[in-house]
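S.K.: I'd like to ask some things about the structure below.
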Amino acid sequence: MSTEPPAGSTTLAPAVQLSGITKRFPGVVANSDVDITVRAGTVHALVGENGAGKSTLMKILYGMQPPDEGTIAIDGVPTAFASPADAIRAGIGMVHQHFMLADNLTVLENVVLGSEPRKGLGLDFTAARARIREISDAYGLDIEPDRLVDDLGVGERQRVEILKVLYRGARILILDEPTAVLVPQEVDELFGNLRELKAEGLTILFISHKLDEVLSVADDITVIRRGTTVASVSPADVTARKLAELMVGSALPVPELRESTVTATEVLTVTGLTVTSADGRPVLDDISFTIHAGEVLGIAGVEGNGQAELVEALMGIRTPNAGTITLAGRDITRDSTRHRREAGMGYIPEDRHRQGVLLEATLWENRVLGHQTRPPNVRGPLLDRRGAKADTERIVAEYDVRTPSIDVNAAALSGGNQQKLIVGREMSGDPVVLIASHPTRGVDVGAQAAIWDHIRRARADRLAVLLISADLDELIGMSDTLAVILRGRLVAEHDPATVTPEQLGSAMTGAGREEG
Amino acid sequence: MRSLTPRSVLLGLIAPVGALVFAAAVSAVILLATGHDPFDTVDAMATAAQRPRTLVNSLNTATSYYLSAVAVAIGFRMKLFNIGVDGQYRFAALLAAGLAGAAFMDSLPSFVRVALTILAAMLVGAAWAGLAALLKVTRGVSEVISTIMLNAIATYLVSYLNSPERLAVSTAGSNNIGTPKITEGGRVPGFEIEGSSSKVFGLVFLAVLVGFLYWFVLSRTRFGFELKATGLSESAAVASGVSVKKMVIVSMLLSGAVAGLVGMPELLGSSYSYSLNFPVGVGFIGIAVALLGRNHPIGMAIAALLWGFLFNTANSLDTAGVPREIVDIMQGVIVLSVVVAYELVRRYRVRAEQRAVGHALGRTKTAEEVTA
Amino acid sequence: MTGGGLSVGLETAPPKRGRRVSPMVYLIAAVAGLAVVSLVRVLTGANDLTSAGTTQAALTAAVPLAMAALGGLWTERAGVVNIGLEGMMVLGTFGAGYAGYQWGPWAAVVFGLLLGVVGGALHAVATVTFGVDHIISGVAINLLAPGAALFLSKEYFAKAPGGGQKQSPPIEDAQKITIPGLSDWLGTIEGKHWFLLSDLAGLLRGVTTQLSLLTVLAVLLIIGTAWVLWRSPFGLRLRSCGEAPAAAESLGVNVYRYKYIAVIASGAFAGLGGAFLAVSSGQYRDGQTGGRGFIGLAAMIFGNWRPGGLATGATLFGYTDAMALRNSAAVHALLLLLAIALLVVAVMQYRSGHNVLSGVAAAIGVLFGWWFFASDQVPPELVGAAPYVVTLLVLGLASQRLRPPRMGGEPYRRGQGA
């Protein structure tokens, strides 16, 4: 890895300089007094937790939202962007985390959209094709202009996104969590592309919370926490641990299980579980494991390696192509989601807004959600409003959900408080197994500790837990057993008492297998 | 489900009242532009409104409108658009009228005849709506498109069946054709109102019952909860163990069954036959009424009464020299402006509540949580 | 599919794209189709199936449908569903009636278009600016427009000479062109009732004799739409708003503006459709559209959201419309055609492994075949339902071949992406 800046770069104006950026939304402050300086011709990483305000900042830099205060200077020239079009003109290009591509259009159409070459009134397809091939060859992107985006794989789509911004003459590239959806080889390829771009003199602003990646690719690192910049460091001077502490703001709270509560009773047994995607690719490949009463099984893995499919197959949201799922000795493979929930499966979903809450329903109605067939929420086919409300009050008190009332809509609560409500709901009704997907994602540190505490107590009470998380410390600290998922397969098992985050990390990327 | 504070009541009323005022203003401008005096128009309608007969007719019309609105609202609650209430009720009314007017029915007791007629209408309505549900859950066909198609197909089927070679008979002395008149025992008697030559439909009570059941099922039962949850977030409902396919089928069948009732008050209380001048378009009016009444059982009742009143007083306008269609224009403007107004109020509410909770708790939230 | 409602059921038909089909394949399919029609004609003796008169009538009926379908195409390609086409078409018929009797057919066309624009603008304001559900806004326009048209009709036509409460005074028809010489020669061939050759002659004579300039204009508009939407930067931007508005916005495309243009254009086309209808039938009449806006929508779906496809759909539906008015023997022969088409679908579905669908298609096909052989004629009341039944059959039996715009019917808020 080469970190020495190009000669004479100290005399160049910084490619991007953000000073004193502040952005408020009704009732909240997203960014306050942010200062970032990005040297030209470098890869600059912006790190921070989910919800730290990185995305808002990038939207401001890309002209999607105006800042309330502060200034933006590009190549030393103060600028104000009213729209992305202005940012594009200033040479800024953004590669979004969720690809901004129209599947039903060709690569060519996606690339030229908004800045089309013209011939008369029409679009000059010949010129566009030539230009795309030229850029693709220059940066080794390997893109065929006339293919339909629908037919492309994830890595190719990302390269189309990069090509899109290069086509617009971008000299400054913003990449928002570009590796979240990539498999390890694709990450390597991407980093290769980034180095090539840097060598051509482009500036790259790289947003991530994956610290090992940041350390391997960045020349400079800015840490953002709670909407403001807290440190600017060089990767040579910090460790992943130190960066993580900067991100979180204090010494990391490390969850810890005091003693083993694992019993011999098998609660959830999965054998040979296989799920195939619509295009016939296996997304889960012959998964088998057993969780006992009082045991937490942690699953580590890079996002997109089959975790979401595993959880949905376990909850009966997705039908597996092969394999069996046994809950307390009973085969539930063909059972509906409702029957699984009634049999005692609790579910903390990864994306709470998609699967966990009804934003435009009250807290007590959200208490009923997923438990609409069981007391205290219903009596027979009728809703027990009084029972549900009383139990919601209990959850609000026990789980410290900060809300003025249980009659406000869930949308009015912060993400952390919504999450606490979900955890409280899924812990009620004596679950026998809890499927917890990123249970503390986007939650503040205090709430995080509280959620860990609740899971720990339930575990002592013989609850079986499947824990999926991107936070390796959480996984190591909370799990009795640790498994690693890679490309839809469980590839390694570790003892959380002895494993280090580094070992886990290499197992997650597939490197661990070659080493030992 | 929110507590009733003066503020929330005001927020609830501002949209419909605002839309009414706006629509009245637009109508007044149109009248002025076409050389009519808006006050004369209001005057003509007000005079008509003083006749008991107008009020009775308004109530009767509102009965059908209300049933239609409930049928639409059942789907709306789970974001299912049953645009097909119109075809469902016409097809159901025709077949039910054919059954009720058949000769063999004369030998049955009155109660059984009425019950059979109503049941038949509900079954036909449900079956016609069920086709759209089937296409949706098995083939993913948008119910909007399929019910539009089914409406049209129903129109052609009705005109095919409503002919002298099939279900209908010609009425002597006119070029109207329709099903044979239902005889005395198959009718539902109405109530005399002093000063009015028309009677209040007996089936007004059916509408009240349907409204009560609608309210009860939606707000007090598990099914109602699952319906609402599906409407608010399909993915969250699925993760919570709701079978959305089953919900689509059940709610579409229920919606169609209620749609089948729409023609019954008229058929059993006044026309006694499905003929060429049986009311058409009530299914679309139901959509308007459900929108104005926000799918709420009371709100829809008020909206249905308003619509019925406007429809019946409009008759007096032609004699005053104003085309009665000014009322159609007004109704259209009300619907368009009320949905806009509701949307604006909804956005305002979400922001206001977030701000209120934020202030109450004195904490800040990250931008992701706000914009999500 | 269209509509921003529940997505349940969509997973049953995973989007599978057909390979790109070359123009040659379309040509072969067209010739094969004509051969089948010709065969049916020879077997049943229903010579009206492909006569010049039928072709003319079919074209006249197809043009308003094609215009409504074009309106649907423009708006849906930009991601806005417009079931208010029917209402906008009604406004168009009134506009045409108002201007047409006073200043002739071309003024009728212009006024019909303008009144359609008014309807389109209303839908645009509601759906784009205020984010109102597209279906609801469409329904409201369908409630409003007929009332408004009838109100204006009573205001302006009741006292006009030759007009009435519910109809305008007569409008003069647009100019018609006939290619001299060709018509007679083709007529001779047509009269021989030869297999295929006479059919072709009948079709050609239909399009070269007494061809209305309105039809010519309609064909130009379809071709123009295809060019604008697929070959110009403007069209690319417009389509991107229906496929991925967030992506379009991130590239500096003003999504609201393109949606506005698309929806207003949609109203203009629907209004034109209404105007063509009024002009070709000689006057405005209340209720004249008779659901043609919805048939246009059906034609667009049948045509897989593509100009060539919707033109085919509109022609097909116009054809059944024309048949219904002309000859019951020919209509009866249509049953056999439908049965054959369904059996073809059944074979195709079977070959791509959809056995249940194949079975259903075959069963319905056999049913239509049985109806053909067991009866002597189709009740005229039912013929009008054909476009709707065919569209439902296409949606139900072949929907995996359809590719509607990805974000159709989803209200889009600025800044919603990323």
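As shown in the structure tokens, the chain order sets the letters A, B, ...; within each chain, residues go from 1, and ligands are also counted from 1 in the order they appear.
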Please identify all polymer residues within 9 Å of Ser337 (chain B), counting only C-alpha atoms, omitting same-chain residues fewer than 2 positions from it, and present them as a count of residues only.
M.R.: 16
S.K.: Could you list the residues in chain C lying within 6 Å of chain A, using only C-alpha atoms, and format the result as an mmCIF file with C-alpha atoms, in the first residue's frame?
M.R.:
data_model
loop_
_atom_site.group_PDB
_atom_site.id
_atom_site.type_symbol
_atom_site.label_atom_id
_atom_site.label_comp_id
_atom_site.auth_asym_id
_atom_site.auth_seq_id
_atom_site.Cartn_x
_atom_site.Cartn_y
_atom_site.Cartn_z
ATOM 1 C CA ARG C 231 -34.078 7.798 -29.740
ATOM 2 C CA SER C 232 -33.873 11.240 -28.167
ATOM 3 C CA PRO C 233 -32.248 12.489 -24.953
ATOM 4 C CA GLU C 243 -37.768 3.214 -14.258
ATOM 5 C CA ALA C 244 -35.589 4.786 -11.590
ATOM 6 C CA ALA C 247 -31.275 7.647 -10.243
ATOM 7 C CA LEU C 251 -27.953 12.766 -12.423
ATOM 8 C CA GLY C 252 -29.563 16.154 -12.463
ATOM 9 C CA VAL C 253 -32.734 15.198 -14.321
#
S.K.: Calculated over only C-alpha atoms, which of the candidates C:Ala270, C:Ile301, C:Val228, C:Val255 has the smallest distance to chain B?
M.R.: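 Ranked by minimum distance to chain B, first place goes to C:Ile301.
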S.K.: Enter the distance from CA of Leu276 (chain B) to CA of Ala97 (chain B), in Å, rounded to one decimal.
M.R.: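 Separation of CA of Leu276 (chain B) and CA of Ala97 (chain B): 12.8 Å.
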S.K.: Pick out the residues sitting within 12 Å of Ser216 (chain A), and hand them over as number ranges by chain; count only C-alpha atoms, and ignore anything fewer than 5 positions along from it in its own chain.
M.R.: A: 1-3, 43-45, 187-188, 191-192, 194-195, 206, 210-211, 221, 234-236, 238-240
S.K.: Please dump the current selection as a PDB file, in the first residue's frame; keep N, CA and C atoms.
M.R.:
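Below you can see result.pdb, which holds the result:
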ATOM      1  N   MET A   1       0.853  -1.204   0.000  1.00  0.00           N
ATOM      2  CA  MET A   1       0.000   0.000   0.000  1.00  0.00           C
ATOM      3  C   MET A   1       0.883   1.245   0.000  1.00  0.00           C
ATOM      4  N   SER A   2       0.617   2.118  -0.875  1.00  0.00           N
ATOM      5  CA  SER A   2       1.436   3.319  -0.949  1.00  0.00           C
ATOM      6  C   SER A   2       0.668   4.487  -0.367  1.00  0.00           C
ATOM      7  N   THR A   3       1.219   5.114   0.608  1.00  0.00           N
ATOM      8  CA  THR A   3       0.506   6.226   1.239  1.00  0.00           C
ATOM      9  C   THR A   3       1.181   7.562   1.012  1.00  0.00           C
ATOM     10  N   VAL A  43      -7.059   9.003  -1.635  1.00  0.00           N
ATOM     11  CA  VAL A  43      -8.274   8.324  -1.201  1.00  0.00           C
ATOM     12  C   VAL A  43      -8.507   8.736   0.247  1.00  0.00           C
ATOM     13  N   HIS A  44      -9.620   9.405   0.467  1.00  0.00           N
ATOM     14  CA  HIS A  44      -9.909   9.925   1.800  1.00  0.00           C
ATOM     15  C   HIS A  44     -11.112   9.167   2.352  1.00  0.00           C
ATOM     16  N   ALA A  45     -10.936   8.565   3.520  1.00  0.00           N
ATOM     17  CA  ALA A  45     -12.040   7.788   4.082  1.00  0.00           C
ATOM     18  C   ALA A  45     -12.784   8.603   5.124  1.00  0.00           C
ATOM     19  N   VAL A 187     -14.452  -6.852  -3.793  1.00  0.00           N
ATOM     20  CA  VAL A 187     -13.862  -5.755  -3.025  1.00  0.00           C
ATOM     21  C   VAL A 187     -12.433  -5.533  -3.498  1.00  0.00           C
ATOM     22  N   ASP A 188     -11.704  -6.636  -3.673  1.00  0.00           N
ATOM     23  CA  ASP A 188     -10.317  -6.497  -4.137  1.00  0.00           C
ATOM     24  C   ASP A 188     -10.275  -5.813  -5.495  1.00  0.00           C
ATOM     25  N   PHE A 191     -10.939  -2.149  -5.118  1.00  0.00           N
ATOM     26  CA  PHE A 191      -9.804  -1.395  -4.590  1.00  0.00           C
ATOM     27  C   PHE A 191      -8.729  -1.245  -5.663  1.00  0.00           C
ATOM     28  N   GLY A 192      -8.587  -2.264  -6.492  1.00  0.00           N
ATOM     29  CA  GLY A 192      -7.666  -2.151  -7.620  1.00  0.00           C
ATOM     30  C   GLY A 192      -8.075  -1.004  -8.524  1.00  0.00           C
ATOM     31  N   LEU A 194      -9.848   1.572  -7.701  1.00  0.00           N
ATOM     32  CA  LEU A 194      -9.677   2.845  -7.004  1.00  0.00           C
ATOM     33  C   LEU A 194      -8.220   3.308  -7.094  1.00  0.00           C
ATOM     34  N   ARG A 195      -7.302   2.353  -6.932  1.00  0.00           N
ATOM     35  CA  ARG A 195      -5.878   2.742  -7.007  1.00  0.00           C
ATOM     36  C   ARG A 195      -5.545   3.251  -8.402  1.00  0.00           C
ATOM     37  N   PHE A 206     -14.290   8.172   0.384  1.00  0.00           N
ATOM     38  CA  PHE A 206     -14.724   6.798   0.562  1.00  0.00           C
ATOM     39  C   PHE A 206     -15.418   6.716   1.911  1.00  0.00           C
ATOM     40  N   LYS A 210     -16.368  -0.058   7.724  1.00  0.00           N
ATOM     41  CA  LYS A 210     -15.568  -1.277   7.815  1.00  0.00           C
ATOM     42  C   LYS A 210     -14.109  -0.868   7.955  1.00  0.00           C
ATOM     43  N   LEU A 211     -13.600  -0.981   9.152  1.00  0.00           N
ATOM     44  CA  LEU A 211     -12.337  -0.325   9.469  1.00  0.00           C
ATOM     45  C   LEU A 211     -11.156  -0.974   8.780  1.00  0.00           C
ATOM     46  N   ILE A 221      -7.927   9.677   6.948  1.00  0.00           N
ATOM     47  CA  ILE A 221      -9.195   9.233   7.523  1.00  0.00           C
ATOM     48  C   ILE A 221      -9.788  10.357   8.364  1.00  0.00           C
ATOM     49  N   SER A 234      -4.120   9.653  10.125  1.00  0.00           N
ATOM     50  CA  SER A 234      -3.491   8.949   9.018  1.00  0.00           C
ATOM     51  C   SER A 234      -3.506   7.460   9.356  1.00  0.00           C
ATOM     52  N   PRO A 235      -3.762   6.615   8.377  1.00  0.00           N
ATOM     53  CA  PRO A 235      -3.893   5.189   8.680  1.00  0.00           C
ATOM     54  C   PRO A 235      -2.619   4.610   9.285  1.00  0.00           C
ATOM     55  N   ALA A 236      -1.494   5.237   9.042  1.00  0.00           N
ATOM     56  CA  ALA A 236      -0.255   4.722   9.603  1.00  0.00           C
ATOM     57  C   ALA A 236      -0.235   4.879  11.121  1.00  0.00           C
ATOM     58  N   VAL A 238      -2.915   4.811  13.296  1.00  0.00           N
ATOM     59  CA  VAL A 238      -3.987   4.269  14.136  1.00  0.00           C
ATOM     60  C   VAL A 238      -4.154   2.766  13.911  1.00  0.00           C
ATOM     61  N   THR A 239      -4.789   2.135  14.877  1.00  0.00           N
ATOM     62  CA  THR A 239      -5.193   0.738  14.732  1.00  0.00           C
ATOM     63  C   THR A 239      -6.701   0.711  14.536  1.00  0.00           C
ATOM     64  N   ALA A 240      -7.204  -0.432  14.108  1.00  0.00           N
ATOM     65  CA  ALA A 240      -8.648  -0.570  13.938  1.00  0.00           C
ATOM     66  C   ALA A 240      -9.365  -0.310  15.256  1.00  0.00           C
TER      67      ALA A 240
END
S.K.: Separation of CA of Gly260 (chain B) and CA of Asp286 (chain C), in Å?
M.R.: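 Atom-to-atom, CA of Gly260 (chain B) and CA of Asp286 (chain C) are spaced 28.2 Å apart.
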S.K.: Enter the distance from CA of Gly272 (chain A) to CA of Thr324 (chain A), in Å, rounded to one decimal.
M.R.: 6.7 Å
S.K.: Going by DSSP on the backbone, which bits of region 367-493 of chain A are strand (DSSP E or B)? Write them as a ChimeraX atom specification, please.
M.R.: /A:378-379,382-383,409,433-437,464-468,481-486,489-493
S.K.: Can you check which residues of chain B have any atom within 6 Å of chain C? Use only C-alpha atoms and format it as a PyMOL selection string.
M.R.: chain B and resi 79+136-140+142+149+153+156+160+323+325+328-329+332+336
S.K.: Between A:Asp33, A:Glu393, A:Asp335, A:Asp461, single out the one closest to chain B, counting only C-alpha atoms.
M.R.: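 That would be A:Asp335, the residue with the smallest distance to chain B.
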